[in-house]
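Text of my_file34.csv (CSV, C-alpha atoms) as supplied:
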chain,number,residue,atom,x,y,z
A,1,VAL,CA,0.3,-11.0,4.7
A,2,HIS,CA,-0.1,-14.6,3.6
A,3,HIS,CA,1.6,-17.7,5.0
A,4,ASP,CA,2.0,-20.8,2.8
A,5,GLY,CA,4.2,-23.4,4.4
A,6,PRO,CA,7.8,-22.1,4.6
A,7,LEU,CA,6.8,-18.9,2.7
A,8,ALA,CA,5.6,-15.6,4.0
A,9,ARG,CA,4.3,-13.2,1.3
A,10,ILE,CA,3.8,-9.5,2.1
A,11,THR,CA,1.8,-7.8,-0.6
A,12,LEU,CA,1.3,-4.0,-1.0
A,13,ASP,CA,-2.2,-3.3,-2.2
A,14,ASP,CA,-2.6,0.4,-2.3
A,15,GLU,CA,-2.9,1.3,-6.0
A,16,GLY,CA,-4.4,4.7,-5.2
A,17,THR,CA,-1.0,5.9,-3.9
A,18,ARG,CA,1.0,3.6,-6.2
A,19,ASN,CA,2.0,1.7,-3.1
A,20,ALA,CA,3.7,4.7,-1.6
A,21,LEU,CA,5.7,4.0,1.6
A,22,GLY,CA,3.8,6.2,4.0
A,23,LEU,CA,4.9,6.3,7.6
A,24,ASP,CA,2.2,4.0,9.0
A,25,LYS,CA,2.9,1.5,6.1
A,26,MET,CA,6.6,1.4,6.8
A,27,VAL,CA,6.0,0.9,10.5
A,28,ALA,CA,3.6,-1.9,9.7
A,29,LEU,CA,5.9,-3.6,7.2
A,30,THR,CA,8.8,-3.5,9.8
A,31,ALA,CA,6.5,-5.0,12.4
A,32,HIS,CA,5.5,-7.8,10.0
A,33,LEU,CA,9.1,-8.7,9.2
A,34,ARG,CA,10.1,-8.7,12.8
A,35,ALA,CA,7.1,-10.8,13.8
A,36,ASN,CA,7.9,-13.3,11.1
A,37,ASP,CA,11.5,-13.5,12.3
A,38,SER,CA,10.5,-14.0,15.9
A,39,SER,CA,7.9,-16.7,15.2
A,40,GLY,CA,10.3,-18.6,12.9
A,41,SER,CA,7.2,-19.8,11.1
A,42,SER,CA,8.6,-19.0,7.6
A,43,SER,CA,11.9,-19.7,6.0
A,44,VAL,CA,11.6,-17.1,3.1
A,45,VAL,CA,9.8,-13.8,2.8
A,46,VAL,CA,8.6,-12.5,-0.6
A,47,ILE,CA,7.5,-8.9,-1.0
A,48,ASP,CA,5.3,-8.0,-4.0
A,49,ALA,CA,2.7,-5.5,-4.9
A,50,VAL,CA,-0.6,-5.0,-6.7
A,51,GLY,CA,-1.0,-2.6,-9.6
A,52,PRO,CA,1.4,-0.9,-12.1
A,53,ALA,CA,3.8,0.2,-9.4
A,54,PHE,CA,5.8,-1.9,-7.0
A,55,SER,CA,6.3,1.3,-5.0
A,56,ALA,CA,6.5,4.9,-5.9
A,57,GLY,CA,8.6,5.7,-2.8
A,58,HIS,CA,7.7,8.0,0.0
A,59,ASP,CA,4.2,9.5,0.3
A,60,MET,CA,4.9,13.1,-0.9
A,61,LYS,CA,1.7,14.3,0.9
A,62,GLU,CA,3.3,13.5,4.2
A,63,LEU,CA,6.4,15.5,3.4
A,64,CYS,CA,4.6,18.5,1.9
A,65,GLY,CA,4.7,21.2,4.6
A,66,ALA,CA,6.3,18.8,7.1
A,67,ASP,CA,8.5,20.2,9.9
A,68,LEU,CA,11.9,18.7,10.8
A,69,GLU,CA,10.4,16.5,13.6
A,70,THR,CA,8.0,14.9,11.2
A,71,SER,CA,10.5,14.6,8.4
A,72,THR,CA,13.0,12.9,10.8
A,73,GLU,CA,10.3,10.5,12.0
A,74,ILE,CA,9.5,9.5,8.4
A,75,PHE,CA,13.2,8.8,7.4
A,76,ASP,CA,13.9,7.1,10.7
A,77,ALA,CA,11.1,4.7,9.9
A,78,CYS,CA,12.4,4.2,6.4
A,79,VAL,CA,15.9,3.3,7.6
A,80,ASP,CA,14.4,1.0,10.2
A,81,LEU,CA,12.5,-0.9,7.5
A,82,MET,CA,15.5,-1.2,5.3
A,83,THR,CA,17.9,-2.4,8.0
A,84,THR,CA,15.3,-4.8,9.4
A,85,ILE,CA,15.4,-6.6,6.0
A,86,HIS,CA,19.1,-7.4,6.6
A,87,GLU,CA,18.7,-8.1,10.3
A,88,ILE,CA,16.0,-10.8,10.2
A,89,ARG,CA,17.1,-14.4,9.7
A,90,GLN,CA,15.0,-15.2,6.6
A,91,PRO,CA,16.0,-14.2,3.0
A,92,VAL,CA,13.8,-11.5,1.7
A,93,ILE,CA,12.9,-11.5,-2.1
A,94,ALA,CA,11.5,-8.6,-3.9
A,95,ALA,CA,9.1,-9.7,-6.7
A,96,VAL,CA,8.8,-6.6,-8.9
A,97,ASP,CA,6.2,-6.0,-11.6
A,98,GLY,CA,6.1,-2.4,-12.5
A,99,ILE,CA,7.8,0.8,-11.5
A,100,ALA,CA,10.0,1.1,-8.4
A,101,THR,CA,11.1,4.6,-7.7
A,102,ALA,CA,13.0,6.5,-4.9
A,103,ALA,CA,12.4,4.6,-1.6
A,104,GLY,CA,10.7,1.9,-3.7
A,105,CYS,CA,13.9,1.4,-5.6
A,106,GLN,CA,15.8,1.5,-2.3
A,107,TRP,CA,13.5,-1.2,-1.0
A,108,VAL,CA,14.4,-3.5,-4.0
A,109,ALA,CA,18.1,-2.8,-3.5
A,110,ALA,CA,17.8,-3.5,0.3
A,111,CYS,CA,16.2,-6.9,-0.3
A,112,ASP,CA,18.5,-9.9,-0.3
A,113,LEU,CA,17.3,-11.0,-3.7
A,114,ALA,CA,15.1,-9.5,-6.4
A,115,ILE,CA,13.3,-10.7,-9.5
A,116,ALA,CA,11.5,-8.4,-11.9
A,117,THR,CA,9.4,-8.6,-15.0
A,118,ALA,CA,10.7,-7.2,-18.3
A,119,ARG,CA,8.3,-4.2,-18.1
A,120,SER,CA,9.6,-3.1,-14.7
A,121,ARG,CA,11.5,0.1,-14.3
A,122,PHE,CA,13.8,1.5,-11.6
A,123,ALA,CA,14.6,5.1,-10.8
A,124,THR,CA,15.8,7.6,-8.1
A,125,PRO,CA,14.1,10.8,-9.3
A,126,GLY,CA,14.3,12.8,-6.1
A,127,VAL,CA,16.7,15.3,-7.7
A,128,ARG,CA,13.8,16.5,-9.9
A,129,LEU,CA,11.9,17.5,-6.8
A,130,GLY,CA,14.8,19.1,-5.1
A,131,LEU,CA,14.9,16.2,-2.6
A,132,PHE,CA,18.0,14.2,-3.4
A,133,CYS,CA,17.6,10.4,-2.9
A,134,SER,CA,20.2,10.3,-0.1
A,135,THR,CA,18.8,7.3,1.8
A,136,PRO,CA,18.0,5.3,-1.3
A,137,MET,CA,21.6,5.7,-2.5
A,138,VAL,CA,22.9,3.7,0.5
A,139,PRO,CA,21.8,0.2,-0.7
A,140,ILE,CA,21.7,1.2,-4.4
A,141,SER,CA,25.3,2.3,-4.5
A,142,ARG,CA,26.3,-0.9,-2.7
A,143,ALA,CA,24.4,-3.0,-5.3
A,144,VAL,CA,25.4,-1.2,-8.6
A,145,GLY,CA,28.6,0.6,-7.7
A,146,ARG,CA,29.5,4.3,-7.6
A,147,LYS,CA,29.3,5.5,-11.2
A,148,ARG,CA,26.1,3.7,-12.0
A,149,ALA,CA,24.5,4.9,-8.8
A,150,MET,CA,25.5,8.4,-9.4
A,151,GLN,CA,24.0,8.2,-12.9
A,152,MET,CA,20.7,7.2,-11.5
A,153,LEU,CA,20.8,9.8,-8.7
A,154,LEU,CA,22.0,12.8,-10.7
A,155,THR,CA,19.7,12.3,-13.7
A,156,GLY,CA,16.6,10.8,-12.2
A,157,GLU,CA,16.2,8.8,-15.4
A,158,PRO,CA,14.7,5.3,-15.0
A,159,ILE,CA,16.6,2.2,-16.1
A,160,ASP,CA,14.8,-0.9,-17.5
A,161,ALA,CA,14.8,-4.3,-16.0
A,162,ALA,CA,17.6,-5.7,-18.3
A,163,THR,CA,19.9,-2.8,-17.3
A,164,ALA,CA,19.0,-3.3,-13.6
A,165,ALA,CA,20.0,-7.0,-13.9
A,166,ASP,CA,23.2,-6.1,-15.8
A,167,TRP,CA,24.1,-3.6,-13.1
A,168,GLY,CA,23.4,-5.9,-10.2
A,169,LEU,CA,20.3,-4.1,-8.8
A,170,ILE,CA,18.2,-7.3,-9.4
A,171,ASN,CA,19.0,-10.9,-9.9
A,172,GLN,CA,16.8,-11.9,-12.8
A,173,VAL,CA,14.5,-10.6,-15.5
A,174,VAL,CA,11.5,-12.7,-16.5
A,175,ALA,CA,8.6,-12.5,-18.9
A,176,ASP,CA,5.8,-10.3,-17.8
A,177,ASP,CA,3.7,-13.4,-17.1
A,178,GLY,CA,6.5,-15.4,-15.5
A,179,LEU,CA,7.1,-13.7,-12.2
A,180,ASP,CA,5.1,-16.1,-10.0
A,181,ASP,CA,6.9,-19.2,-11.5
A,182,ALA,CA,10.3,-17.6,-11.2
A,183,VAL,CA,9.8,-16.6,-7.6
A,184,ALA,CA,8.4,-20.1,-6.7
A,185,ALA,CA,11.5,-21.7,-8.3
A,186,LEU,CA,13.8,-19.4,-6.3
A,187,VAL,CA,12.0,-20.1,-3.1
A,188,ALA,CA,12.1,-23.8,-3.7
A,189,ASP,CA,15.9,-23.6,-4.2
A,190,ILE,CA,16.3,-21.9,-0.8
A,191,VAL,CA,13.8,-23.9,1.4
A,192,ARG,CA,15.6,-27.2,0.6
A,193,TRP,CA,18.3,-26.1,3.0
A,194,SER,CA,18.4,-25.7,6.8
A,195,PRO,CA,16.8,-22.4,8.0
A,196,HIS,CA,19.5,-22.3,10.7
A,197,THR,CA,22.3,-22.5,8.2
A,198,ILE,CA,20.7,-19.8,6.0
A,199,ALA,CA,20.4,-17.5,9.0
A,200,VAL,CA,24.0,-18.0,10.0
A,201,GLY,CA,25.1,-17.3,6.4
A,202,LYS,CA,22.9,-14.2,5.9
A,203,ALA,CA,24.1,-12.6,9.2
A,204,ALA,CA,27.7,-13.3,8.4
A,205,PHE,CA,27.3,-11.9,4.8
A,206,TYR,CA,26.1,-8.5,6.0
A,207,ASP,CA,28.6,-8.4,8.9
A,208,GLN,CA,31.6,-8.9,6.7
A,209,LEU,CA,30.5,-6.9,3.7
A,210,ASP,CA,32.1,-3.5,4.6
A,211,ARG,CA,35.0,-4.8,6.6
A,212,THR,CA,38.6,-4.9,5.3
A,213,GLU,CA,39.6,-8.3,3.8
A,214,PRO,CA,41.7,-9.3,6.9
A,215,ASP,CA,38.9,-8.3,9.3
A,216,ALA,CA,36.3,-10.0,7.1
A,217,TYR,CA,38.3,-13.3,7.2
A,218,ASP,CA,38.8,-12.9,11.0
A,219,LYS,CA,35.1,-12.6,11.4
A,220,THR,CA,34.0,-15.3,9.0
A,221,LYS,CA,36.5,-18.0,10.1
A,222,THR,CA,35.0,-17.7,13.6
A,223,VAL,CA,31.5,-18.0,12.3
A,224,MET,CA,32.4,-21.0,10.1
A,225,SER,CA,34.3,-22.8,12.9
A,226,ILE,CA,31.2,-22.5,15.2
A,227,ASN,CA,28.9,-23.5,12.3
A,228,ALA,CA,31.0,-26.5,11.4
A,229,VAL,CA,30.4,-28.2,14.8
A,230,ASP,CA,26.7,-27.5,15.2
A,231,ALA,CA,24.1,-30.2,14.8
A,232,VAL,CA,22.9,-29.0,11.4
A,233,ALA,CA,26.4,-29.0,9.8
A,234,GLN,CA,27.3,-32.3,11.3
A,235,GLU,CA,24.1,-33.9,9.9
A,236,GLY,CA,24.9,-32.4,6.5
A,237,ILE,CA,28.4,-33.6,6.5
A,238,ASP,CA,27.4,-37.1,7.6
A,239,ALA,CA,24.7,-37.3,4.9
A,240,PHE,CA,27.2,-36.2,2.3
A,241,LEU,CA,29.7,-38.9,3.3
A,242,ALA,CA,27.0,-41.5,3.5
A,243,LYS,CA,25.5,-40.4,0.2
A,244,ARG,CA,22.0,-39.9,1.6
A,245,GLU,CA,19.6,-37.0,1.8
A,246,PRO,CA,20.1,-34.9,5.0
A,247,GLU,CA,17.4,-34.6,7.6
A,248,TRP,CA,17.9,-31.2,9.0
A,249,PRO,CA,17.5,-31.0,12.8
A,250,GLU,CA,15.7,-28.0,14.4
A,251,VAL,CA,18.1,-25.7,16.2

Show me, as structure tokens, the structure contained in the file I just sent.
Amino acid sequence: VHHDGPLARITLDDEGTRNALGLDKMVALTAHLRANDSSGSSSVVVIDAVGPAFSAGHDMKELCGADLETSTEIFDACVDLMTTIHEIRQPVIAAVDGIATAAGCQWVAACDLAIATARSRFATPGVRLGLFCSTPMVPISRAVGRKRAMQMLLTGEPIDAATAADWGLINQVVADDGLDDAVAALVADIVRWSPHTIAVGKAAFYDQLDRTEPDAYDKTKTVMSINAVDAVAQEGIDAFLAKREPEWPEV
């Protein structure tokens, strides 16, 4: 974990397991995300990895011979990690360079934003092991839609980065040597704005996402009404009318 001004970078560095999401690793990642949220020291979180795999998913050695209690503990930790990404105030960006499979692909889909190199690949190959990627399909189906998610889930075949971008699994494809610059540019675009406003918007986005349209409007009009009268929005509105750069207050 590395902090650089408004950026917190969490890097998986376990090439021996292809950055598999073992139980202890998932618990540690969740703890890092929550600690960063509590401290408020960073405005954006970037998750990347060392080696040819962003993440190969769950550690199959932990599941081999596992009883129901152990299996439940592993998947509980996985769901906790994925939901924490949505619950914290900071936008979380996946910076993918390599293969992201099963829970690794789930992790990319769960992140708020994702950028990948052209050589990256994405797959949900659990069906080939007799272990259907049921938890990965939750964020993946919400990102790419039903038919495309089912294609990935039922065949286990990987899709390339261009297809992942076209389907909505990731935001952008960059040259293999352009990932760092693209991530830096995206982070710079986000940290210009008030962390408070970003946090309000992120929470409202996930809260309204699966509501009916009338219920979503009922929720978001309340959020926006409260947001409009807070100190940050009032500073932004005043700066806009005065044609000056805003000076975001801390909230």

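Note that the spacing between CA of Trp167 in chain A and CA of Asn19 in chain A amounts to 24.8 Å.
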
- Query: Using all atoms listed in the file, which residues sit within 8 Å of Thr124 in chain A once same-chain residues fewer than 4 positions away are excluded, as an MDAnalysis selection string?
  - Reply: chainID A and resid 101:103 105 133 136 152:153 156:158

- Message: So that I can check the surroundings of range 232-244 of chain A, please list as a PyMOL selection string every protein, DNA and RNA residue that reaches within 8 Å of it, counting all atoms listed in the file and ignoring chain neighbours fewer than 5 positions away.
- Response: chain A and resi 194+196-197+227+249-251

- Message: Residues near range 78-89 of chain A, anyone? I mean within 10 Å using all atoms listed in the file, not counting same-chain ones fewer than 5 positions away, as a ChimeraX atom specification.
- Response: /A:21-23,25-31,33-38,40,42-45,58,72-73,103,106-112,135-136,138-139,195-203,205-207

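Across the structure, CA of Ile190 in chain A and CA of Gly57 in chain A are spaced 28.7 Å apart.
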
- Fewer than 2 positions away in the same chain doesn't count, so skip those; otherwise give me all residues within 6 Å of Ile93 in chain A, counting only C-alpha atoms, as a VMD selection string. chain A and resid 46 111 113 to 114

Would you put the residues from that selection into a file with C-alpha atoms, as a CSV table (one decimal), in the coordinates of the input?
chain,number,residue,atom,x,y,z
A,46,VAL,CA,8.6,-12.5,-0.6
A,111,CYS,CA,16.2,-6.9,-0.3
A,113,LEU,CA,17.3,-11.0,-3.7
A,114,ALA,CA,15.1,-9.5,-6.4

- Task: Just the residues within 10 Å of Asp160 in chain A, please, counting only C-alpha atoms, with nothing from its chain fewer than 4 positions along; format it as an MDAnalysis selection string.
- Result: chainID A and resid 99 116:123 164:165 173

- Query: So what do you get for CA of Phe132 in chain A versus CA of Val50 in chain A, distance-wise?
  - Reply: 26.9 Å

- Which residue of A:Arg9, A:Lys61, A:Arg18, A:Lys219 approaches Ile47 in chain A most closely, using all atoms listed in the file: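 Smallest separation from Ile47 in chain A among the options: A:Arg9.
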
If I only have part of range 65-101 of chain A, can you fill in N, CA and C atoms and write it as a compact mmCIF listing (two decimals), keeping the file's coordinate frame?
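This went into part_4.txt:
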# COMPACT_ATOMS: atom_id res chain seq x y z
N GLY A 65 4.94 20.34 3.48
CA GLY A 65 4.70 21.20 4.60
C GLY A 65 5.14 20.57 5.96
N ALA A 66 5.87 19.46 5.90
CA ALA A 66 6.30 18.80 7.10
C ALA A 66 7.39 19.62 7.84
N ASP A 67 7.39 19.56 9.18
CA ASP A 67 8.50 20.20 9.90
C ASP A 67 9.59 19.17 10.12
N LEU A 68 10.71 19.58 10.72
CA LEU A 68 11.90 18.70 10.80
C LEU A 68 11.57 17.48 11.68
N GLU A 69 10.77 17.64 12.71
CA GLU A 69 10.40 16.50 13.60
C GLU A 69 9.70 15.42 12.77
N THR A 70 8.73 15.84 11.98
CA THR A 70 8.00 14.90 11.20
C THR A 70 8.84 14.25 10.09
N SER A 71 9.63 15.08 9.42
CA SER A 71 10.50 14.60 8.40
C SER A 71 11.50 13.54 8.97
N THR A 72 12.04 13.83 10.14
CA THR A 72 13.00 12.90 10.80
C THR A 72 12.30 11.60 11.14
N GLU A 73 11.07 11.68 11.62
CA GLU A 73 10.30 10.50 12.00
C GLU A 73 10.09 9.59 10.74
N ILE A 74 9.79 10.20 9.62
CA ILE A 74 9.50 9.50 8.40
C ILE A 74 10.81 8.74 7.92
N PHE A 75 11.93 9.45 7.90
CA PHE A 75 13.20 8.80 7.40
C PHE A 75 13.78 7.86 8.40
N ASP A 76 13.53 8.09 9.68
CA ASP A 76 13.90 7.10 10.70
C ASP A 76 13.20 5.78 10.45
N ALA A 77 11.89 5.88 10.17
CA ALA A 77 11.10 4.70 9.90
C ALA A 77 11.54 3.97 8.66
N CYS A 78 11.94 4.75 7.65
CA CYS A 78 12.40 4.20 6.40
C CYS A 78 13.71 3.38 6.63
N VAL A 79 14.65 3.99 7.34
CA VAL A 79 15.90 3.30 7.60
C VAL A 79 15.68 2.06 8.47
N ASP A 80 14.76 2.15 9.40
CA ASP A 80 14.40 1.00 10.20
C ASP A 80 13.91 -0.15 9.41
N LEU A 81 13.05 0.16 8.43
CA LEU A 81 12.50 -0.90 7.50
C LEU A 81 13.62 -1.52 6.73
N MET A 82 14.48 -0.71 6.13
CA MET A 82 15.50 -1.20 5.30
C MET A 82 16.53 -2.08 6.04
N THR A 83 16.91 -1.62 7.23
CA THR A 83 17.90 -2.40 8.00
C THR A 83 17.28 -3.65 8.59
N THR A 84 15.98 -3.63 8.85
CA THR A 84 15.30 -4.80 9.40
C THR A 84 15.39 -5.96 8.33
N ILE A 85 15.31 -5.61 7.04
CA ILE A 85 15.40 -6.60 6.00
C ILE A 85 16.73 -7.40 6.14
N HIS A 86 17.81 -6.71 6.47
CA HIS A 86 19.10 -7.40 6.60
C HIS A 86 19.24 -8.06 7.97
N GLU A 87 18.53 -7.58 8.97
CA GLU A 87 18.70 -8.10 10.30
C GLU A 87 17.93 -9.40 10.58
N ILE A 88 16.82 -9.62 9.88
CA ILE A 88 16.00 -10.80 10.20
C ILE A 88 16.74 -12.05 9.56
N ARG A 89 16.38 -13.21 10.06
CA ARG A 89 17.10 -14.40 9.70
C ARG A 89 16.66 -14.91 8.27
N GLN A 90 15.46 -14.62 7.84
CA GLN A 90 15.00 -15.20 6.60
C GLN A 90 15.43 -14.32 5.39
N PRO A 91 15.79 -14.96 4.28
CA PRO A 91 16.00 -14.20 3.00
C PRO A 91 14.76 -13.50 2.60
N VAL A 92 14.93 -12.27 2.13
CA VAL A 92 13.80 -11.50 1.70
C VAL A 92 13.94 -11.24 0.17
N ILE A 93 12.92 -11.63 -0.59
CA ILE A 93 12.90 -11.50 -2.10
C ILE A 93 11.94 -10.48 -2.51
N ALA A 94 12.39 -9.52 -3.29
CA ALA A 94 11.50 -8.60 -3.90
C ALA A 94 11.01 -9.13 -5.24
N ALA A 95 9.71 -9.22 -5.42
CA ALA A 95 9.10 -9.70 -6.70
C ALA A 95 8.47 -8.46 -7.33
N VAL A 96 9.16 -7.90 -8.32
CA VAL A 96 8.80 -6.60 -8.90
C VAL A 96 8.11 -6.71 -10.21
N ASP A 97 6.95 -6.10 -10.31
CA ASP A 97 6.20 -6.00 -11.60
C ASP A 97 5.69 -4.63 -11.73
N GLY A 98 6.49 -3.77 -12.34
CA GLY A 98 6.10 -2.40 -12.50
C GLY A 98 7.22 -1.44 -12.09
N ILE A 99 6.86 -0.21 -11.78
CA ILE A 99 7.80 0.80 -11.50
C ILE A 99 8.24 0.77 -10.00
N ALA A 100 9.52 0.94 -9.73
CA ALA A 100 10.00 1.10 -8.40
C ALA A 100 10.90 2.30 -8.32
N THR A 101 10.42 3.34 -7.66
CA THR A 101 11.10 4.60 -7.70
C THR A 101 11.47 5.07 -6.27
